[in-house]
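**Student:** What follows is query-v4.cif, mmCIF, C-alpha atoms; chains and numbers go by the auth columns.
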```cif
data_input
loop_
_atom_site.group_PDB
_atom_site.id
_atom_site.type_symbol
_atom_site.label_atom_id
_atom_site.label_comp_id
_atom_site.label_asym_id
_atom_site.label_seq_id
_atom_site.Cartn_x
_atom_site.Cartn_y
_atom_site.Cartn_z
_atom_site.B_iso_or_equiv
_atom_site.auth_seq_id
_atom_site.auth_asym_id
ATOM 1 C CA MET A 1 -52.064 -22.084 1.391 0.00 1 A
ATOM 2 C CA LYS A 2 -50.614 -21.986 4.900 0.00 2 A
ATOM 3 C CA LYS A 3 -47.784 -24.320 3.811 0.00 3 A
ATOM 4 C CA ILE A 4 -46.936 -22.051 0.856 0.00 4 A
ATOM 5 C CA PHE A 5 -46.962 -18.977 3.123 0.00 5 A
ATOM 6 C CA SER A 6 -44.752 -20.718 5.707 0.00 6 A
ATOM 7 C CA ARG A 7 -42.321 -21.807 2.986 0.00 7 A
ATOM 8 C CA ARG A 8 -42.062 -18.208 1.749 0.00 8 A
ATOM 9 C CA ILE A 9 -41.338 -16.949 5.275 0.00 9 A
ATOM 10 C CA TRP A 10 -38.662 -19.657 5.667 0.00 10 A
ATOM 11 C CA LEU A 11 -37.013 -18.685 2.362 0.00 11 A
ATOM 12 C CA LEU A 12 -37.068 -14.997 3.313 0.00 12 A
ATOM 13 C CA ALA A 13 -35.413 -15.802 6.641 0.00 13 A
ATOM 14 C CA CYS A 14 -32.681 -17.758 4.861 0.00 14 A
ATOM 15 C CA VAL A 15 -32.008 -14.806 2.537 0.00 15 A
ATOM 16 C CA LEU A 16 -31.729 -12.422 5.487 0.00 16 A
ATOM 17 C CA ILE A 17 -29.372 -14.749 7.349 0.00 17 A
ATOM 18 C CA LEU A 18 -27.125 -15.106 4.310 0.00 18 A
ATOM 19 C CA THR A 19 -27.159 -11.342 3.775 0.00 19 A
ATOM 20 C CA PHE A 20 -25.882 -10.472 7.230 0.00 20 A
ATOM 21 C CA THR A 21 -23.451 -13.277 7.978 0.00 21 A
ATOM 22 C CA PRO A 22 -19.674 -13.046 7.386 0.00 22 A
ATOM 23 C CA SER A 23 -20.180 -14.454 3.880 0.00 23 A
ATOM 24 C CA THR A 24 -21.241 -10.918 2.932 0.00 24 A
ATOM 25 C CA TRP A 25 -17.513 -10.162 3.026 0.00 25 A
ATOM 26 C CA ALA A 26 -16.224 -13.244 1.206 0.00 26 A
ATOM 27 C CA SER A 27 -13.829 -10.836 -0.534 0.00 27 A
ATOM 28 C CA PRO A 28 -11.674 -8.379 1.434 0.00 28 A
ATOM 29 C CA ILE A 29 -13.558 -5.192 2.287 0.00 29 A
ATOM 30 C CA LEU A 30 -12.206 -1.985 0.723 0.00 30 A
ATOM 31 C CA VAL A 31 -10.799 0.493 3.234 0.00 31 A
ATOM 32 C CA MET A 32 -9.580 3.991 2.351 0.00 32 A
ATOM 33 C CA GLY A 33 -7.701 6.794 4.074 0.00 33 A
ATOM 34 C CA ASP A 34 -5.173 9.500 3.347 0.00 34 A
ATOM 35 C CA GLU A 35 -1.444 9.982 3.861 0.00 35 A
ATOM 36 C CA SER A 36 -1.351 11.078 7.521 0.00 36 A
ATOM 37 C CA PRO A 37 1.635 9.552 9.347 0.00 37 A
ATOM 38 C CA PRO A 38 1.994 8.150 11.952 0.00 38 A
ATOM 39 C CA TYR A 39 -1.673 7.139 11.590 0.00 39 A
ATOM 40 C CA MET A 40 -1.429 6.115 7.947 0.00 40 A
ATOM 41 C CA GLY A 41 1.181 6.187 5.194 0.00 41 A
ATOM 42 C CA GLU A 42 2.552 4.144 2.303 0.00 42 A
ATOM 43 C CA SER A 43 6.089 4.083 3.737 0.00 43 A
ATOM 44 C CA LEU A 44 5.036 3.127 7.276 0.00 44 A
ATOM 45 C CA PRO A 45 5.141 -0.456 8.657 0.00 45 A
ATOM 46 C CA ASN A 46 1.898 -2.144 7.577 0.00 46 A
ATOM 47 C CA LYS A 47 0.780 1.269 6.250 0.00 47 A
ATOM 48 C CA GLY A 48 0.618 2.773 9.740 0.00 48 A
ATOM 49 C CA PHE A 49 -1.317 2.646 12.980 0.00 49 A
ATOM 50 C CA LEU A 50 -4.902 2.825 11.676 0.00 50 A
ATOM 51 C CA PRO A 51 -4.628 0.161 8.940 0.00 51 A
ATOM 52 C CA THR A 52 -2.837 -2.145 11.413 0.00 52 A
ATOM 53 C CA LEU A 53 -5.471 -1.496 14.068 0.00 53 A
ATOM 54 C CA PHE A 54 -8.334 -2.121 11.669 0.00 54 A
ATOM 55 C CA PHE A 55 -6.701 -5.252 10.251 0.00 55 A
ATOM 56 C CA THR A 56 -6.085 -6.653 13.757 0.00 56 A
ATOM 57 C CA ALA A 57 -9.569 -5.873 15.068 0.00 57 A
ATOM 58 C CA MET A 58 -11.296 -7.357 12.011 0.00 58 A
ATOM 59 C CA ALA A 59 -8.978 -10.392 11.827 0.00 59 A
ATOM 60 C CA ARG A 60 -10.283 -11.279 15.284 0.00 60 A
ATOM 61 C CA GLN A 61 -13.724 -11.355 13.643 0.00 61 A
ATOM 62 C CA GLY A 62 -12.555 -13.398 10.645 0.00 62 A
ATOM 63 C CA ILE A 63 -12.741 -10.522 8.141 0.00 63 A
ATOM 64 C CA GLN A 64 -9.989 -9.542 5.694 0.00 64 A
ATOM 65 C CA ILE A 65 -9.355 -6.025 4.371 0.00 65 A
ATOM 66 C CA GLN A 66 -7.740 -4.231 1.430 0.00 66 A
ATOM 67 C CA THR A 67 -6.315 -0.763 2.196 0.00 67 A
ATOM 68 C CA ASN A 68 -5.918 2.070 -0.328 0.00 68 A
ATOM 69 C CA ILE A 69 -4.224 5.374 0.547 0.00 69 A
ATOM 70 C CA VAL A 70 -5.668 8.230 -1.525 0.00 70 A
ATOM 71 C CA PRO A 71 -6.201 12.013 -1.193 0.00 71 A
ATOM 72 C CA TRP A 72 -8.680 12.768 1.586 0.00 72 A
ATOM 73 C CA ALA A 73 -11.366 14.260 -0.667 0.00 73 A
ATOM 74 C CA ARG A 74 -11.320 11.090 -2.793 0.00 74 A
ATOM 75 C CA ALA A 75 -11.627 8.867 0.296 0.00 75 A
ATOM 76 C CA ILE A 76 -14.663 10.871 1.454 0.00 76 A
ATOM 77 C CA GLN A 77 -16.220 10.651 -2.015 0.00 77 A
ATOM 78 C CA ALA A 78 -15.660 6.889 -2.080 0.00 78 A
ATOM 79 C CA VAL A 79 -17.652 6.251 1.121 0.00 79 A
ATOM 80 C CA GLN A 80 -20.304 8.772 0.082 0.00 80 A
ATOM 81 C CA SER A 81 -20.901 6.795 -3.119 0.00 81 A
ATOM 82 C CA GLY A 82 -20.487 3.347 -1.545 0.00 82 A
ATOM 83 C CA GLN A 83 -17.373 2.595 -3.626 0.00 83 A
ATOM 84 C CA SER A 84 -15.490 2.001 -0.359 0.00 84 A
ATOM 85 C CA GLN A 85 -17.039 0.357 2.700 0.00 85 A
ATOM 86 C CA VAL A 86 -14.762 2.000 5.269 0.00 86 A
ATOM 87 C CA ILE A 87 -12.780 5.200 5.803 0.00 87 A
ATOM 88 C CA LEU A 88 -10.014 5.281 8.402 0.00 88 A
ATOM 89 C CA GLY A 89 -9.424 8.030 10.929 0.00 89 A
ATOM 90 C CA LEU A 90 -11.988 10.815 10.873 0.00 90 A
ATOM 91 C CA TYR A 91 -13.949 13.063 13.213 0.00 91 A
ATOM 92 C CA PHE A 92 -17.709 13.075 13.687 0.00 92 A
ATOM 93 C CA THR A 93 -19.746 15.791 12.003 0.00 93 A
ATOM 94 C CA GLN A 94 -23.511 15.982 11.493 0.00 94 A
ATOM 95 C CA GLU A 95 -23.044 16.173 7.728 0.00 95 A
ATOM 96 C CA ARG A 96 -20.880 13.035 7.670 0.00 96 A
ATOM 97 C CA SER A 97 -23.401 11.158 9.801 0.00 97 A
ATOM 98 C CA THR A 98 -25.838 11.256 6.868 0.00 98 A
ATOM 99 C CA TYR A 99 -23.690 8.735 4.973 0.00 99 A
ATOM 100 C CA LEU A 100 -21.435 7.222 7.659 0.00 100 A
ATOM 101 C CA ALA A 101 -21.865 5.177 10.829 0.00 101 A
ATOM 102 C CA PHE A 102 -19.108 5.916 13.358 0.00 102 A
ATOM 103 C CA SER A 103 -17.128 3.448 15.459 0.00 103 A
ATOM 104 C CA GLN A 104 -16.396 3.796 19.139 0.00 104 A
ATOM 105 C CA PRO A 105 -13.573 6.332 19.785 0.00 105 A
ATOM 106 C CA ILE A 106 -10.054 5.084 19.104 0.00 106 A
ATOM 107 C CA THR A 107 -8.292 8.033 20.754 0.00 107 A
ATOM 108 C CA PHE A 108 -8.769 11.782 21.275 0.00 108 A
ATOM 109 C CA ILE A 109 -6.678 14.214 19.200 0.00 109 A
ATOM 110 C CA GLU A 110 -6.026 17.951 19.465 0.00 110 A
ATOM 111 C CA THR A 111 -6.411 20.087 16.351 0.00 111 A
ATOM 112 C CA VAL A 112 -4.270 23.239 16.450 0.00 112 A
ATOM 113 C CA LEU A 113 -2.955 26.106 14.337 0.00 113 A
ATOM 114 C CA PHE A 114 0.638 26.174 13.056 0.00 114 A
ATOM 115 C CA SER A 115 2.558 29.350 12.255 0.00 115 A
ATOM 116 C CA LEU A 116 6.083 30.677 11.813 0.00 116 A
ATOM 117 C CA LYS A 117 7.578 31.892 15.092 0.00 117 A
ATOM 118 C CA SER A 118 8.820 35.006 13.323 0.00 118 A
ATOM 119 C CA ARG A 119 5.219 36.092 12.693 0.00 119 A
ATOM 120 C CA GLN A 120 4.508 36.205 16.451 0.00 120 A
ATOM 121 C CA ILE A 121 0.818 35.507 15.860 0.00 121 A
ATOM 122 C CA GLN A 122 -1.411 35.153 18.912 0.00 122 A
ATOM 123 C CA TYR A 123 -5.118 34.626 19.277 0.00 123 A
ATOM 124 C CA GLN A 124 -7.685 34.090 22.023 0.00 124 A
ATOM 125 C CA SER A 125 -10.872 33.538 20.017 0.00 125 A
ATOM 126 C CA LEU A 126 -11.732 32.713 16.417 0.00 126 A
ATOM 127 C CA ILE A 127 -12.610 36.318 15.622 0.00 127 A
ATOM 128 C CA ASP A 128 -8.922 37.158 16.188 0.00 128 A
ATOM 129 C CA LEU A 129 -8.073 34.986 13.148 0.00 129 A
ATOM 130 C CA GLN A 130 -9.997 37.182 10.719 0.00 130 A
ATOM 131 C CA PRO A 131 -6.914 38.993 9.301 0.00 131 A
ATOM 132 C CA TYR A 132 -5.078 35.777 8.425 0.00 132 A
ATOM 133 C CA LYS A 133 -4.982 33.360 5.474 0.00 133 A
ATOM 134 C CA ILE A 134 -5.296 29.853 6.914 0.00 134 A
ATOM 135 C CA GLY A 135 -4.544 26.630 5.043 0.00 135 A
ATOM 136 C CA VAL A 136 -7.006 23.719 5.325 0.00 136 A
ATOM 137 C CA VAL A 137 -7.225 20.371 3.546 0.00 137 A
ATOM 138 C CA ARG A 138 -10.233 20.054 1.280 0.00 138 A
ATOM 139 C CA GLY A 139 -12.951 17.878 2.851 0.00 139 A
ATOM 140 C CA SER A 140 -11.376 17.909 6.348 0.00 140 A
ATOM 141 C CA SER A 141 -12.983 19.020 9.613 0.00 141 A
ATOM 142 C CA TYR A 142 -11.200 21.033 12.296 0.00 142 A
ATOM 143 C CA GLY A 143 -13.960 21.372 14.875 0.00 143 A
ATOM 144 C CA LYS A 144 -17.527 22.653 14.601 0.00 144 A
ATOM 145 C CA ASP A 145 -16.768 26.272 15.541 0.00 145 A
ATOM 146 C CA PHE A 146 -13.832 26.639 13.134 0.00 146 A
ATOM 147 C CA ASP A 147 -15.628 24.784 10.326 0.00 147 A
ATOM 148 C CA ASN A 148 -18.634 27.125 10.617 0.00 148 A
ATOM 149 C CA ALA A 149 -16.611 30.350 10.948 0.00 149 A
ATOM 150 C CA ASP A 150 -17.273 31.843 7.516 0.00 150 A
ATOM 151 C CA PHE A 151 -15.518 35.091 8.501 0.00 151 A
ATOM 152 C CA ILE A 152 -12.140 33.260 8.459 0.00 152 A
ATOM 153 C CA SER A 153 -10.138 33.206 5.209 0.00 153 A
ATOM 154 C CA LYS A 154 -9.577 29.492 4.534 0.00 154 A
ATOM 155 C CA TYR A 155 -7.338 28.424 1.663 0.00 155 A
ATOM 156 C CA GLN A 156 -8.118 24.866 0.537 0.00 156 A
ATOM 157 C CA VAL A 157 -5.338 22.492 -0.512 0.00 157 A
ATOM 158 C CA ALA A 158 -5.248 18.814 -1.488 0.00 158 A
ATOM 159 C CA ASN A 159 -3.015 17.577 1.340 0.00 159 A
ATOM 160 C CA GLU A 160 -1.117 18.522 4.498 0.00 160 A
ATOM 161 C CA SER A 161 2.214 18.577 2.656 0.00 161 A
ATOM 162 C CA GLN A 162 1.100 21.610 0.659 0.00 162 A
ATOM 163 C CA ASN A 163 0.184 23.480 3.837 0.00 163 A
ATOM 164 C CA ILE A 164 3.664 22.907 5.283 0.00 164 A
ATOM 165 C CA ASP A 165 5.400 24.164 2.129 0.00 165 A
ATOM 166 C CA MET A 166 3.123 27.183 1.748 0.00 166 A
ATOM 167 C CA LEU A 167 3.648 28.224 5.379 0.00 167 A
ATOM 168 C CA ILE A 168 7.441 28.041 5.031 0.00 168 A
ATOM 169 C CA TRP A 169 7.322 29.955 1.724 0.00 169 A
ATOM 170 C CA GLY A 170 5.193 32.677 3.333 0.00 170 A
ATOM 171 C CA ARG A 171 2.120 32.007 1.200 0.00 171 A
ATOM 172 C CA LEU A 172 0.027 31.184 4.276 0.00 172 A
ATOM 173 C CA ASP A 173 -0.163 32.903 7.653 0.00 173 A
ATOM 174 C CA LEU A 174 -1.323 29.745 9.425 0.00 174 A
ATOM 175 C CA PHE A 175 -2.572 26.261 8.756 0.00 175 A
ATOM 176 C CA ALA A 176 -4.793 23.962 10.815 0.00 176 A
ATOM 177 C CA GLY A 177 -4.197 20.299 11.549 0.00 177 A
ATOM 178 C CA SER A 178 -3.759 17.419 13.965 0.00 178 A
ATOM 179 C CA ILE A 179 -0.898 18.232 16.328 0.00 179 A
ATOM 180 C CA ASP A 180 0.798 14.811 16.222 0.00 180 A
ATOM 181 C CA VAL A 181 0.281 14.165 12.499 0.00 181 A
ATOM 182 C CA LEU A 182 1.646 17.545 11.439 0.00 182 A
ATOM 183 C CA TRP A 183 4.700 17.551 13.722 0.00 183 A
ATOM 184 C CA HIS A 184 5.517 14.080 12.390 0.00 184 A
ATOM 185 C CA MET A 185 5.214 15.318 8.786 0.00 185 A
ATOM 186 C CA ILE A 186 7.172 18.534 9.430 0.00 186 A
ATOM 187 C CA GLY A 187 10.024 16.506 10.920 0.00 187 A
ATOM 188 C CA ILE A 188 10.260 14.421 7.741 0.00 188 A
ATOM 189 C CA GLN A 189 9.361 16.998 5.096 0.00 189 A
ATOM 190 C CA ALA A 190 11.063 20.111 6.475 0.00 190 A
ATOM 191 C CA PRO A 191 13.557 19.098 9.194 0.00 191 A
ATOM 192 C CA THR A 192 15.703 22.222 8.687 0.00 192 A
ATOM 193 C CA SER A 193 12.656 24.481 9.166 0.00 193 A
ATOM 194 C CA LYS A 194 11.103 22.641 12.106 0.00 194 A
ATOM 195 C CA HIS A 195 12.642 25.028 14.645 0.00 195 A
ATOM 196 C CA LYS A 196 10.989 27.969 12.841 0.00 196 A
ATOM 197 C CA ILE A 197 7.451 26.617 13.337 0.00 197 A
ATOM 198 C CA GLU A 198 5.225 26.691 16.415 0.00 198 A
ATOM 199 C CA THR A 199 1.718 25.669 17.429 0.00 199 A
ATOM 200 C CA LEU A 200 -0.696 28.211 18.848 0.00 200 A
ATOM 201 C CA LYS A 201 -2.931 27.986 21.895 0.00 201 A
ATOM 202 C CA PRO A 202 -5.770 27.520 22.532 0.00 202 A
ATOM 203 C CA ALA A 203 -6.395 24.362 20.475 0.00 203 A
ATOM 204 C CA LEU A 204 -9.175 24.563 17.914 0.00 204 A
ATOM 205 C CA SER A 205 -10.653 21.319 19.230 0.00 205 A
ATOM 206 C CA SER A 206 -10.024 18.028 21.004 0.00 206 A
ATOM 207 C CA ARG A 207 -12.062 15.294 19.362 0.00 207 A
ATOM 208 C CA ALA A 208 -12.506 11.565 19.189 0.00 208 A
ATOM 209 C CA LEU A 209 -10.962 9.774 16.218 0.00 209 A
ATOM 210 C CA HIS A 210 -13.268 7.197 14.613 0.00 210 A
ATOM 211 C CA ILE A 211 -13.524 4.653 11.829 0.00 211 A
ATOM 212 C CA GLY A 212 -16.376 5.452 9.432 0.00 212 A
ATOM 213 C CA PHE A 213 -18.610 2.798 7.798 0.00 213 A
ATOM 214 C CA SER A 214 -20.469 3.705 4.619 0.00 214 A
ATOM 215 C CA LYS A 215 -24.232 3.421 5.061 0.00 215 A
ATOM 216 C CA LEU A 216 -24.453 2.501 1.358 0.00 216 A
ATOM 217 C CA SER A 217 -22.494 -0.705 2.013 0.00 217 A
ATOM 218 C CA PRO A 218 -24.715 -3.795 2.525 0.00 218 A
ATOM 219 C CA GLY A 219 -24.492 -5.025 6.105 0.00 219 A
ATOM 220 C CA PHE A 220 -22.548 -1.938 7.268 0.00 220 A
ATOM 221 C CA ASN A 221 -24.094 -2.062 10.748 0.00 221 A
ATOM 222 C CA ASN A 222 -23.007 -5.662 11.255 0.00 222 A
ATOM 223 C CA LEU A 223 -19.513 -4.682 10.098 0.00 223 A
ATOM 224 C CA LEU A 224 -19.508 -1.792 12.579 0.00 224 A
ATOM 225 C CA ILE A 225 -20.552 -4.096 15.423 0.00 225 A
ATOM 226 C CA LYS A 226 -17.754 -6.510 14.565 0.00 226 A
ATOM 227 C CA PHE A 227 -15.139 -3.757 14.530 0.00 227 A
ATOM 228 C CA ASN A 228 -16.339 -2.335 17.850 0.00 228 A
ATOM 229 C CA ARG A 229 -16.172 -5.823 19.316 0.00 229 A
ATOM 230 C CA GLY A 230 -12.599 -6.261 18.092 0.00 230 A
ATOM 231 C CA LEU A 231 -11.625 -2.779 19.311 0.00 231 A
ATOM 232 C CA ALA A 232 -13.071 -3.485 22.784 0.00 232 A
ATOM 233 C CA SER A 233 -11.094 -6.720 22.913 0.00 233 A
ATOM 234 C CA MET A 234 -7.865 -4.892 22.006 0.00 234 A
ATOM 235 C CA THR A 235 -8.521 -2.182 24.577 0.00 235 A
ATOM 236 C CA LYS A 236 -9.199 -4.727 27.292 0.00 236 A
ATOM 237 C CA ASP A 237 -6.096 -6.869 26.704 0.00 237 A
ATOM 238 C CA GLY A 238 -3.783 -3.853 26.289 0.00 238 A
ATOM 239 C CA SER A 239 -2.938 -4.525 22.645 0.00 239 A
ATOM 240 C CA LEU A 240 -4.427 -1.179 21.515 0.00 240 A
ATOM 241 C CA GLU A 241 -2.034 0.808 23.718 0.00 241 A
ATOM 242 C CA LYS A 242 0.842 -1.471 22.715 0.00 242 A
ATOM 243 C CA LEU A 243 0.066 -0.982 19.029 0.00 243 A
ATOM 244 C CA GLY A 244 -0.030 2.776 19.561 0.00 244 A
ATOM 245 C CA LYS A 245 3.439 2.770 21.120 0.00 245 A
ATOM 246 C CA GLU A 246 4.815 0.690 18.240 0.00 246 A
ATOM 247 C CA HIS A 247 3.579 3.310 15.760 0.00 247 A
ATOM 248 C CA GLY A 248 4.324 6.441 17.799 0.00 248 A
ATOM 249 C CA VAL A 249 0.691 7.162 18.673 0.00 249 A
ATOM 250 C CA ALA A 250 -0.254 8.029 22.262 0.00 250 A
ATOM 251 C CA ILE A 251 -3.643 6.482 23.009 0.00 251 A
ATOM 252 C CA ASN A 252 -5.845 8.901 24.961 0.00 252 A
ATOM 253 C CA LEU A 253 -9.364 7.706 25.689 0.00 253 A
ATOM 254 C CA LYS A 254 -10.289 10.706 27.858 0.00 254 A
ATOM 255 C CA ASP A 255 -11.338 13.943 26.202 0.00 255 A
#
```
Let me see the file written as structure tokens.

**Tutor:**
Amino acid sequence: MKKIFSRRIWLLACVLILTFTPSTWASPILVMGDESPPYMGESLPNKGFLPTLFFTAMARQGIQIQTNIVPWARAIQAVQSGQSQVILGLYFTQERSTYLAFSQPITFIETVLFSLKSRQIQYQSLIDLQPYKIGVVRGSSYGKDFDNADFISKYQVANESQNIDMLIWGRLDLFAGSIDVLWHMIGIQAPTSKHKIETLKPALSSRALHIGFSKLSPGFNNLLIKFNRGLASMTKDGSLEKLGKEHGVAINLKD
């Protein structure tokens, strides 16, 4: 009886070891994110900073990846359902923490409001934004206070490109977004209108950018540990900062 029990314990241990070793990812893991240059984009070298960072960090751990660029709401849905193991480049929220485990910070990013200079809009607190129609991307977060401000008129769109067009056409008063991502996109999408646009102060938020790991993915915690290990290695040897410069991303690890 004792021998049978010991054999069962041994078999169980073998199953657990096989479950949480790199063989769990014999095939490339599926990684998703949205079109948000210079962080991510189909036309960017190696699809941008975040896919290159993730590929490099995981390659150091012997893990291969497959990257898909999709609308943000679809990327969120994919990690919520477990269809995708990883989502690139997002901010922490309590709601997201129910289905995602977050990596160590990659960099800190300011989220701001964009408007036409001709409108001469100014604000000091969120309550001052009540008269305005503000564009936001469906499924995105802009900081806890702004996200929870139900007195603000928020117009949801599928992507940042729509916000830029609607602001220029006068269909929005303002839109919210990452300061570096949106200036990059405006320069490409609307170069002749760039001088007409400004960012407002104060910033809505300054937050850490993370990689998210779906809690529905088997062995997600082990995958998270491996990425954090690779990220720490890149930070220590200077390759993270170097990679940022190559892709036009300023690495800021201080909030």

**Student:** Taking the file above as input, evaluate the PyMOL selection byres ((chain A and resi 162) around 12) and report the hits as number ranges by chain.

**Tutor:** A: 135-138, 155-161, 163-169, 171-172, 175-176, 182, 185-186, 189-190

**Student:** Within 12 Å of (-15.2, -7.4, 8.2) (file coordinates; only C-alpha atoms), which protein or nucleic acid residues are there? I'd like them as number ranges by chain.

**Tutor:** A: 20-31, 54-66, 85-86, 213, 217-230

**Student:** How far is it from atom CA of A:Leu253 to atom CA of A:Thr199, in Å with one decimal?

**Tutor:** 22.7 Å

**Student:** What is the distance, in Å and to one decimal place, between atom CA of A:Ser205 and atom CA of A:Lys144?

**Tutor:** 8.4 Å

**Student:** Quick check, in Å to one decimal: how far apart do atom CA of A:Ser84 and atom CA of A:Asp147 lie?

**Tutor:** 25.2 Å

**Student:** Using all atoms listed in the file, which residue out of A:Lys242, A:Lys215, A:Lys201, A:His247 lies closest to A:Tyr123?

**Tutor:**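 Comparing A:Lys242, A:Lys215, A:Lys201, A:His247 against A:Tyr123, the winner is A:Lys201.
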
**Student:** Please list as a list in words every residue within 6 Å of stretch 72-78 of chain A, counting only C-alpha atoms and excluding residues in the same chain fewer than 5 positions away.

**Tutor:** Met32, Gly33, Asp34, Gln83, Ser84 and Gly139 of chain A

**Student:** If I put a ball of radius 8 Å at (-6.5, 11.2, 8.1) in the file's coordinates, which residues poke into it when counting all atoms listed in the file, written as a PyMOL selection string?

**Tutor:** chain A and resi 33-36+39-40+72+88-90
